[in-house]
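Asker: Below is upload.cif; it holds mmCIF, C-alpha atoms.
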```
data_protein
loop_
_atom_site.label_atom_id
_atom_site.label_comp_id
_atom_site.auth_asym_id
_atom_site.auth_seq_id
_atom_site.Cartn_x
_atom_site.Cartn_y
_atom_site.Cartn_z
CA MET A 13 -5.77 40.60 13.85
CA ASN A 14 -5.13 41.30 10.17
CA GLU A 15 -5.78 39.02 7.20
CA GLN A 16 -2.26 37.56 7.16
CA HIS A 17 -2.49 36.73 10.84
CA SER A 18 -5.82 34.99 10.32
CA LYS A 19 -4.41 32.90 7.48
CA LEU A 20 -1.36 31.92 9.52
CA LYS A 21 -3.49 31.09 12.53
CA ASN A 22 -5.68 28.85 10.39
CA LEU A 23 -2.62 27.21 8.84
CA PHE A 24 -1.01 26.39 12.20
CA ARG A 25 -4.23 24.95 13.55
CA LYS A 26 -4.89 22.77 10.49
CA ILE A 27 -1.32 21.45 10.37
CA SER A 28 -1.27 20.55 14.07
CA GLN A 29 -4.62 18.82 13.66
CA ALA A 30 -3.36 16.83 10.66
CA ARG A 31 -0.13 15.79 12.37
CA LEU A 32 -1.90 14.72 15.56
CA THR A 33 -4.33 12.69 13.44
CA GLN A 34 -1.44 10.98 11.65
CA GLN A 35 0.90 10.55 14.60
CA GLY A 36 -1.68 9.72 17.23
CA LEU A 37 -3.50 7.35 14.89
CA ALA A 38 -6.51 9.37 15.96
CA GLU A 39 -9.77 10.15 14.23
CA ASN A 40 -12.02 13.16 14.61
CA VAL A 41 -9.42 15.44 16.16
CA LEU A 42 -11.30 18.62 17.03
CA ILE A 43 -9.86 22.13 17.26
CA LYS A 44 -11.21 23.96 20.30
CA GLU A 45 -10.66 27.51 21.48
CA ILE A 46 -8.80 28.28 24.69
CA ILE A 47 -10.59 31.32 26.02
CA ASP A 48 -9.17 33.08 29.06
CA GLY A 49 -7.27 29.98 30.13
CA PRO A 50 -4.40 30.24 32.61
CA ARG A 51 -1.07 31.45 31.24
CA VAL A 52 0.58 28.14 32.22
CA LEU A 53 -1.48 25.63 30.28
CA SER A 54 -0.02 22.37 31.53
CA HIS A 55 2.77 20.57 33.35
CA TRP A 56 5.11 20.09 30.38
CA MET A 57 5.92 22.12 27.31
CA ALA A 58 7.56 21.14 24.01
CA ILE A 59 9.04 24.10 22.13
CA ILE A 60 10.43 24.52 18.64
CA LEU A 61 11.72 27.60 16.87
CA ILE A 62 11.16 28.28 13.18
CA SER A 63 13.29 31.28 12.37
CA GLY A 64 14.96 33.18 9.56
CA ARG A 65 16.35 36.51 8.49
CA ASN A 66 12.95 38.20 8.69
CA GLY A 67 11.52 36.82 11.89
CA LYS A 68 10.50 33.83 13.90
CA ILE A 69 7.67 31.54 14.89
CA VAL A 70 7.68 29.72 18.21
CA PHE A 71 5.40 26.69 18.26
CA LYS A 72 4.65 25.01 21.58
CA THR A 73 2.63 22.10 22.86
CA HIS A 74 1.48 22.01 26.48
CA PHE A 75 0.64 18.68 28.07
CA LYS A 76 0.60 16.40 31.06
CA THR A 77 2.51 13.10 31.07
CA ARG A 78 -0.84 11.29 30.86
CA ASN A 79 -1.73 13.17 27.62
CA ALA A 80 1.60 12.12 26.14
CA GLN A 81 1.14 8.51 27.26
CA LEU A 82 -2.26 8.39 25.57
CA LEU A 83 -0.74 9.81 22.38
CA ALA A 84 2.22 7.42 22.43
CA ALA A 85 0.37 4.23 23.40
CA PRO A 86 -0.71 3.13 19.89
CA LEU A 87 2.73 3.93 18.49
CA TYR A 88 4.46 1.72 21.05
CA SER A 89 1.64 -0.86 20.93
CA LEU A 90 1.34 -0.60 24.71
CA PRO A 91 -1.44 0.32 27.13
CA PRO A 92 -0.98 3.99 28.15
CA GLU A 93 0.07 3.17 31.71
CA ARG A 94 2.95 1.01 30.40
CA VAL A 95 4.40 3.78 28.22
CA SER A 96 7.34 5.25 30.13
CA ALA A 97 7.50 8.97 30.83
CA GLU A 98 10.56 9.21 28.57
CA GLN A 99 8.80 7.47 25.68
CA ALA A 100 5.70 9.61 26.14
CA ILE A 101 7.59 12.88 26.24
CA ASP A 102 9.67 11.88 23.22
CA CYS A 103 6.43 11.25 21.33
CA MET A 104 5.18 14.75 22.15
CA ARG A 105 8.54 16.25 21.14
CA GLU A 106 8.23 14.48 17.78
CA PHE A 107 4.67 15.80 17.32
CA CYS A 108 6.07 19.30 17.88
CA ASN A 109 8.83 18.59 15.34
CA LEU A 110 6.47 17.20 12.69
CA THR A 111 4.09 20.14 13.05
CA ALA A 112 6.86 22.73 12.84
CA GLY A 113 8.39 20.99 9.83
CA ALA A 114 5.10 21.22 7.95
CA ILE A 115 4.68 24.89 8.95
CA LYS A 116 8.15 25.64 7.64
CA GLN A 117 7.39 23.80 4.41
CA ALA A 118 4.14 25.73 3.90
CA LEU A 119 5.92 29.06 4.37
CA THR A 120 9.06 28.23 2.38
CA PRO A 121 7.79 29.87 -0.84
CA TYR A 122 7.56 33.19 1.05
CA LEU A 123 10.30 33.10 3.69
CA ASP A 124 13.75 31.61 4.18
CA LEU A 125 13.27 29.71 7.44
CA HIS A 126 15.25 27.26 9.53
CA LEU A 127 14.13 24.77 12.14
CA SER A 128 15.61 24.22 15.59
CA LEU A 129 15.65 20.94 17.45
CA PRO A 130 12.55 20.58 19.62
CA MET A 131 13.09 20.79 23.36
CA ILE A 132 11.07 19.86 26.42
CA THR A 133 10.82 22.04 29.49
CA ARG A 134 8.53 22.64 32.45
CA GLY A 135 5.18 24.16 31.62
CA PHE A 136 5.83 26.77 34.27
CA ASP A 137 8.65 28.18 32.11
CA GLU A 138 5.85 29.78 30.09
CA VAL A 139 5.98 32.67 32.57
CA PHE A 140 9.36 33.67 31.13
CA TRP A 141 7.65 34.39 27.79
CA GLN A 142 5.29 36.88 29.39
CA GLY A 143 5.50 40.38 27.98
CA GLN A 144 7.46 39.34 24.89
CA VAL A 145 4.57 39.75 22.46
CA SER A 146 4.31 43.33 21.22
CA SER A 147 1.49 44.85 19.20
CA ASP A 148 3.05 44.03 15.81
CA GLN A 149 3.28 40.36 16.69
CA PHE A 150 0.51 37.91 17.33
CA SER A 151 -0.02 34.77 19.30
CA ASP A 152 -2.65 32.09 19.27
CA ARG A 153 -3.66 29.24 21.59
CA TRP A 154 -5.86 26.28 20.75
CA ARG A 155 -6.72 22.82 22.00
CA LEU A 156 -6.71 19.59 19.99
CA ALA A 157 -9.16 17.08 21.43
CA TYR A 158 -9.79 13.47 20.43
CA ARG A 159 -11.27 10.47 22.23
CA ASP A 160 -10.32 10.96 25.90
CA ASN A 161 -7.17 12.96 25.17
CA GLU A 162 -6.27 16.58 24.53
CA VAL A 163 -3.15 18.56 23.61
CA ASN A 164 -2.86 22.31 24.02
CA CYS A 165 -0.93 24.20 21.36
CA SER A 166 0.28 27.77 21.03
CA ALA A 167 2.19 29.80 18.49
CA THR A 168 3.86 33.19 18.66
CA VAL A 169 4.70 34.93 15.41
CA ASP A 170 7.12 37.82 15.02
CA PHE A 171 8.20 39.01 11.56
CA SER A 172 10.23 42.17 11.15
CA GLU A 173 9.17 42.34 7.51
CA PRO A 174 5.62 41.01 7.40
CA GLY A 175 5.45 42.25 3.81
CA ASP A 176 7.20 39.01 2.84
CA LEU A 177 3.96 37.26 3.61
CA VAL A 178 1.71 39.63 1.69
CA ASN A 179 1.14 37.03 -1.02
CA PHE A 180 0.78 34.14 1.40
CA GLU A 181 -1.97 31.73 0.49
CA ASP A 182 -2.93 28.90 2.77
CA ASN A 183 -2.97 25.92 0.42
CA PHE A 184 -2.50 23.28 3.10
CA ASP A 185 -5.00 20.49 2.58
CA PRO A 186 -4.51 17.43 4.79
CA ASN A 187 -6.51 15.31 2.34
CA SER A 188 -4.28 16.04 -0.64
CA GLU A 189 -0.97 16.26 1.21
CA THR A 190 1.79 14.21 -0.35
CA VAL A 191 3.16 12.96 2.96
CA GLY A 192 5.65 10.15 2.85
CA GLU A 193 6.49 10.65 -0.83
CA ILE A 194 9.93 9.31 -1.71
CA GLU A 195 12.14 11.39 -3.97
CA PHE A 196 15.27 9.87 -5.49
CA LEU A 197 18.03 12.47 -5.62
CA MET B 24 18.51 -11.46 6.90
CA ASN B 25 19.05 -7.94 5.52
CA LYS B 26 20.12 -5.47 8.16
CA ILE B 27 19.03 -1.82 8.22
CA LEU B 28 20.47 0.95 10.40
CA ILE B 29 17.93 3.55 11.61
CA VAL B 30 19.41 6.79 12.96
CA ASP B 31 16.96 9.22 14.55
CA ASP B 32 17.02 11.14 17.82
CA SER B 33 13.35 10.34 18.37
CA GLU B 34 12.82 6.99 20.06
CA THR B 35 9.19 7.16 18.95
CA MET B 36 10.16 7.41 15.29
CA ARG B 37 12.75 4.62 15.62
CA THR B 38 10.25 2.35 17.34
CA GLN B 39 7.58 2.88 14.70
CA LEU B 40 9.97 2.36 11.80
CA LYS B 41 11.67 -0.62 13.43
CA ARG B 42 8.32 -2.33 13.92
CA ASP B 43 7.30 -1.71 10.30
CA LEU B 44 10.63 -3.02 8.97
CA GLU B 45 10.80 -6.06 11.28
CA THR B 46 7.27 -7.01 10.24
CA LYS B 47 8.64 -7.33 6.70
CA GLY B 48 11.55 -9.49 7.81
CA PHE B 49 14.37 -6.95 8.11
CA LYS B 50 16.80 -6.91 11.01
CA VAL B 51 17.14 -3.43 12.49
CA VAL B 52 19.91 -1.75 14.46
CA GLU B 53 19.52 1.76 15.86
CA GLY B 54 21.51 4.92 16.48
CA SER B 55 20.27 7.99 18.34
CA ASP B 56 22.31 10.63 16.46
CA GLY B 57 25.03 10.88 13.81
CA VAL B 58 27.89 10.03 16.16
CA HIS B 59 26.06 7.04 17.59
CA GLY B 60 25.02 5.99 14.08
CA LEU B 61 28.66 5.80 12.98
CA GLU B 62 29.50 3.75 16.08
CA VAL B 63 26.66 1.31 15.43
CA LEU B 64 27.66 1.01 11.77
CA ALA B 65 31.23 0.19 12.80
CA ALA B 66 29.85 -2.60 14.99
CA HIS B 67 27.54 -3.85 12.20
CA PRO B 68 29.48 -3.59 8.92
CA ASP B 69 26.92 -5.88 7.23
CA VAL B 70 24.26 -3.13 7.23
CA LYS B 71 22.62 -2.95 3.77
CA LEU B 72 20.80 0.39 4.09
CA VAL B 73 20.88 3.43 6.38
CA ILE B 74 17.69 5.39 7.08
CA CYS B 75 18.46 8.61 8.92
CA ASP B 76 16.97 11.85 10.16
CA VAL B 77 18.66 15.18 9.34
CA ASN B 78 18.27 17.40 12.41
CA MET B 79 19.92 15.59 15.30
CA PRO B 80 22.14 16.59 18.20
CA ARG B 81 25.95 16.11 18.08
CA MET B 82 26.07 15.23 14.35
CA ASP B 83 23.33 15.72 11.78
CA GLY B 84 22.29 13.14 9.21
CA LEU B 85 23.97 14.78 6.23
CA ASP B 86 27.35 15.01 7.97
CA MET B 87 26.95 11.39 8.99
CA ALA B 88 26.15 10.39 5.37
CA LYS B 89 29.27 12.16 4.17
CA LYS B 90 31.43 10.41 6.77
CA ILE B 91 29.92 7.01 5.92
CA HIS B 92 30.77 7.41 2.25
CA GLU B 93 34.31 8.45 3.10
CA LEU B 94 34.83 4.95 4.51
CA PRO B 95 36.06 2.69 1.65
CA VAL B 96 34.02 -0.26 2.93
CA HIS B 97 30.78 1.78 2.86
CA LYS B 98 31.48 3.92 -0.20
CA ALA B 99 28.39 2.60 -1.98
CA LEU B 100 26.13 2.05 1.04
CA PRO B 101 22.64 3.40 0.17
CA ILE B 102 21.40 6.12 2.51
CA LEU B 103 17.79 7.22 2.70
CA VAL B 104 17.01 10.45 4.54
CA MET B 105 13.73 10.78 6.44
CA THR B 106 13.03 14.24 7.79
CA THR B 107 10.47 17.01 8.27
CA GLU B 108 12.75 19.22 6.15
CA ALA B 109 12.05 19.43 2.43
CA SER B 110 13.92 22.51 1.16
CA PRO B 111 15.67 22.23 -2.23
CA ASP B 112 18.89 23.57 -0.66
CA LEU B 113 18.99 20.82 1.91
CA LYS B 114 18.19 18.18 -0.70
CA ALA B 115 21.10 19.49 -2.80
CA LYS B 116 23.36 19.10 0.24
CA GLY B 117 21.98 15.59 0.66
CA LYS B 118 22.76 14.72 -2.93
CA ALA B 119 26.30 16.05 -2.49
CA ALA B 120 26.66 13.83 0.59
CA GLY B 121 25.64 10.81 -1.45
CA VAL B 122 22.08 10.45 -0.18
CA LEU B 123 20.10 8.16 -2.47
CA ALA B 124 16.54 9.19 -1.59
CA TRP B 125 14.58 11.69 0.50
CA VAL B 126 11.39 11.01 2.46
CA THR B 127 9.44 13.83 4.05
CA LYS B 128 8.04 12.89 7.47
CA PRO B 129 5.61 11.62 8.51
CA TYR B 130 6.49 8.51 6.53
CA VAL B 131 3.84 6.19 5.16
CA ALA B 132 4.79 2.53 5.58
CA ALA B 133 2.86 1.46 2.48
CA LYS B 134 5.01 3.80 0.39
CA LEU B 135 8.31 3.32 2.19
CA ILE B 136 8.59 -0.45 2.61
CA PRO B 137 8.38 -1.37 -1.12
CA VAL B 138 11.16 1.14 -1.85
CA VAL B 139 13.30 -0.24 0.97
CA GLU B 140 12.76 -3.78 -0.33
CA LYS B 141 13.76 -2.69 -3.82
CA ILE B 142 16.93 -0.95 -2.61
CA VAL B 143 18.06 -3.75 -0.31
CA LYS B 144 17.11 -6.80 -2.30
#
```
Written as structure tokens, that's how I'd like the structure from this file.

Answerer:
Amino acid sequence: MNEQHSKLKNLFRKISQARLTQQGLAENVLIKEIIDGPRVLSHWMAIILISGRNGKIVFKTHFKTRNAQLLAAPLYSLPPERVSAEQAIDCMREFCNLTAGAIKQALTPYLDLHLSLPMITRGFDEVFWQGQVSSDQFSDRWRLAYRDNEVNCSATVDFSEPGDLVNFEDNFDPNSETVGEIEFL
Amino acid sequence: MNKILIVDDSETMRTQLKRDLETKGFKVVEGSDGVHGLEVLAAHPDVKLVICDVNMPRMDGLDMAKKIHELPVHKALPILVMTTEASPDLKAKGKAAGVLAWVTKPYVAAKLIPVVEKIVK
């Protein structure tokens, strides 16, 4: 893994941690390694594509309905078991969307990128991604853990012109982020 | 009671925002995408402010804003966009569609609510 890849990997992990902290109203969200885990990480998968002229990033979250219910419960002001599967999955889809939006924003000075709508599919569909990562791409998998909940995340990066990112600096700082700022147009 | 239309394809986001607005005394109606937002607005012409996402199925928030302002009755209806997107190009499109203000998600209620109160009241 080269220096750019390491910076991107660190960026993705920090952003997902920050968004889970904000969205899940969680404290002490820890980033843990997934070492030699199974290819299919969980029952459900939320996917979003960040793409442009020079390449693409696929960000995914892998989770069980129970993980999503635990994440959604404080947002719906309900006990986890009373959060419906639809509400829970929508919450995880929005986490995927918020994380990808911040990734796109962090890379905007270097790349012209666009964001897809997030989608939910079966975790088993991960097998269809097998073999799509070549040596000039990289992928990363990590786990976000807090209280009694955890969310698995993964990202696959593929830029045809990685030189665009040669000046990339990871300036993302969750403590000085200007989230929620309102700009009058 | 001032009525606000929230248009977002995420039920989670609508629920959070609705709760924050209702706590401050606003009445809230909801749409799940641009097409649904226009339908809900037609049924609630007394809406004082629209808060909408950009990336949504069927019709995005900027197209919806443009269509709202094409309606004579809603020509001056304030529209606040709330989205993960923050590119200058998209904001320029928003301005052209008559969007009043832009909030980058995740929103912070303590910042958003005073602005909403100022716009509506």

Asker: Nearest residue to chain B out of A:Tyr88, A:Phe136, A:Phe184, A:Trp154, using only C-alpha atoms?

Answerer: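 Closest to chain B of all the choices is A:Tyr88.
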
Asker: Go ahead and compute the interatomic distance for CA of Phe75 in chain A and CA of Ile132 in chain A, in Å to one decimal.

Answerer: 10.6 Å

Asker: Using all atoms listed in the file, what residues lie at most 12 Å away from (22.5, 19.3, 2.1) (file coordinates), given as a list of chain:residue names?

Answerer: A:Leu197, B:Val77, B:Asn78, B:Asp83, B:Gly84, B:Leu85, B:Asp86, B:Met87, B:Ala88, B:Lys89, B:Val104, B:Glu108, B:Ala109, B:Ser110, B:Pro111, B:Asp112, B:Leu113, B:Lys114, B:Ala115, B:Lys116, B:Gly117, B:Lys118, B:Ala119, B:Ala120, B:Gly121, B:Val122, B:Trp125

Asker: Write out as a PyMOL selection string which residues come within 10 Å of Phe49 in chain B when counting all atoms listed in the file, dropping same-chain ones fewer than 5 positions away.

Answerer: chain B and resi 24-27+41-44+139-140+143

Asker: Could you spell out the hits of the PyMOL selection byres ((chain B) within 7 of (chain A)) on the shown file, as a ChimeraX atom specification?

Answerer: /B:33-35,38-39,78,107-109,118,123-131,134

Asker: Have a look at CA of Asp31 in chain B and CA of Ile102 in chain B and let me know their distance in Å, one decimal.

Answerer: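 Interatomic distance here is 13.2 Å.
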
Asker: What gap, in Å, lies between CA of Asn66 in chain A and CA of Leu119 in chain A?

Answerer: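 Separating CA of Asn66 in chain A from CA of Leu119 in chain A is a distance of 12.3 Å.
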
Asker: Which residue out of B:His92, B:Ile74, B:Gly60, B:Gly48 has the minimum interatomic distance to Lys144 in chain B when all atoms listed in the file are used?

Answerer: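 Result for the nearest residue to Lys144 in chain B: B:Gly48.
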
Asker: Would you pick out the contacts of Val63 in chain B at 12 Å or less, using all atoms listed in the file, so that residues sharing its chain but fewer than 5 positions from it are not included, and give the list as a list of chain:residue names?

Answerer: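 Contacts, with the query itself left out: B:Lys26, B:Ile27, B:Leu28, B:Ile29, B:Val30, B:Val51, B:Val52, B:Glu53, B:Gly54, B:Ser55, B:Asp56, B:Gly57, B:Val58, B:Pro68, B:Asp69, B:Val70, B:Val73, B:Met87, B:Ile91.
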
Asker: Might you spell out which residues the PyMOL selection byres ((chain A and resi 155) around 7) would select in the displayed file, as a list in words?

Answerer: Ile43, Lys44, Glu45, Ile46, Trp154, Leu156, Ala157, Glu162, Val163, Asn164 and Cys165 of chain A

Asker: Can you tell me which residues surround Phe180 in chain A at a distance of at most 9 Å, considering only C-alpha atoms, apart from same-chain residues fewer than 2 positions away, and format the answer as a ChimeraX atom specification?

Answerer: /A:16,19-20,119,121-122,176-178,182

Asker: Mind checking which residues fall within 9 Å of His55 in chain A, counting all atoms listed in the file, ignoring those fewer than 2 positions away in the same chain, and posting them as a count of residues only?

Answerer: 10

Asker: Which residue out of B:His97, B:Lys47, B:His67, B:Lys90 has the minimum interatomic distance to Ile136 in chain B when all atoms listed in the file are used?

Answerer: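 Result for the nearest residue to Ile136 in chain B: B:Lys47.
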
Asker: I'd like to know which of A:Ala167, A:Leu32, A:Leu82, A:Leu61 is closest to Arg94 in chain A, using all atoms listed in the file.

Answerer: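 Going through A:Ala167, A:Leu32, A:Leu82, A:Leu61 one by one, the smallest distance to Arg94 in chain A is for A:Leu82.
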
Asker: Between B:Lys98, B:Glu93, B:Lys141, B:Thr106, single out the one closest to Asp76 in chain B, counting all atoms listed in the file.

Answerer: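 Closest to Asp76 in chain B, using all atoms listed in the file: B:Thr106.
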
Asker: I need the residue nearest Glu39 in chain A from this list: A:Glu181, A:Glu93, A:Asp137, A:Asp160. Use only C-alpha atoms for the distance.

Answerer: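 Selected residue with least distance to Glu39 in chain A: A:Asp160.
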
Asker: With only C-alpha atoms as the counted atoms, please give the residues lying no more than 7 Å from Met131 in chain A, apart from itself and same-chain residues fewer than 5 positions off, as an MDAnalysis selection string.

Answerer: chainID A and resid 58:60 105
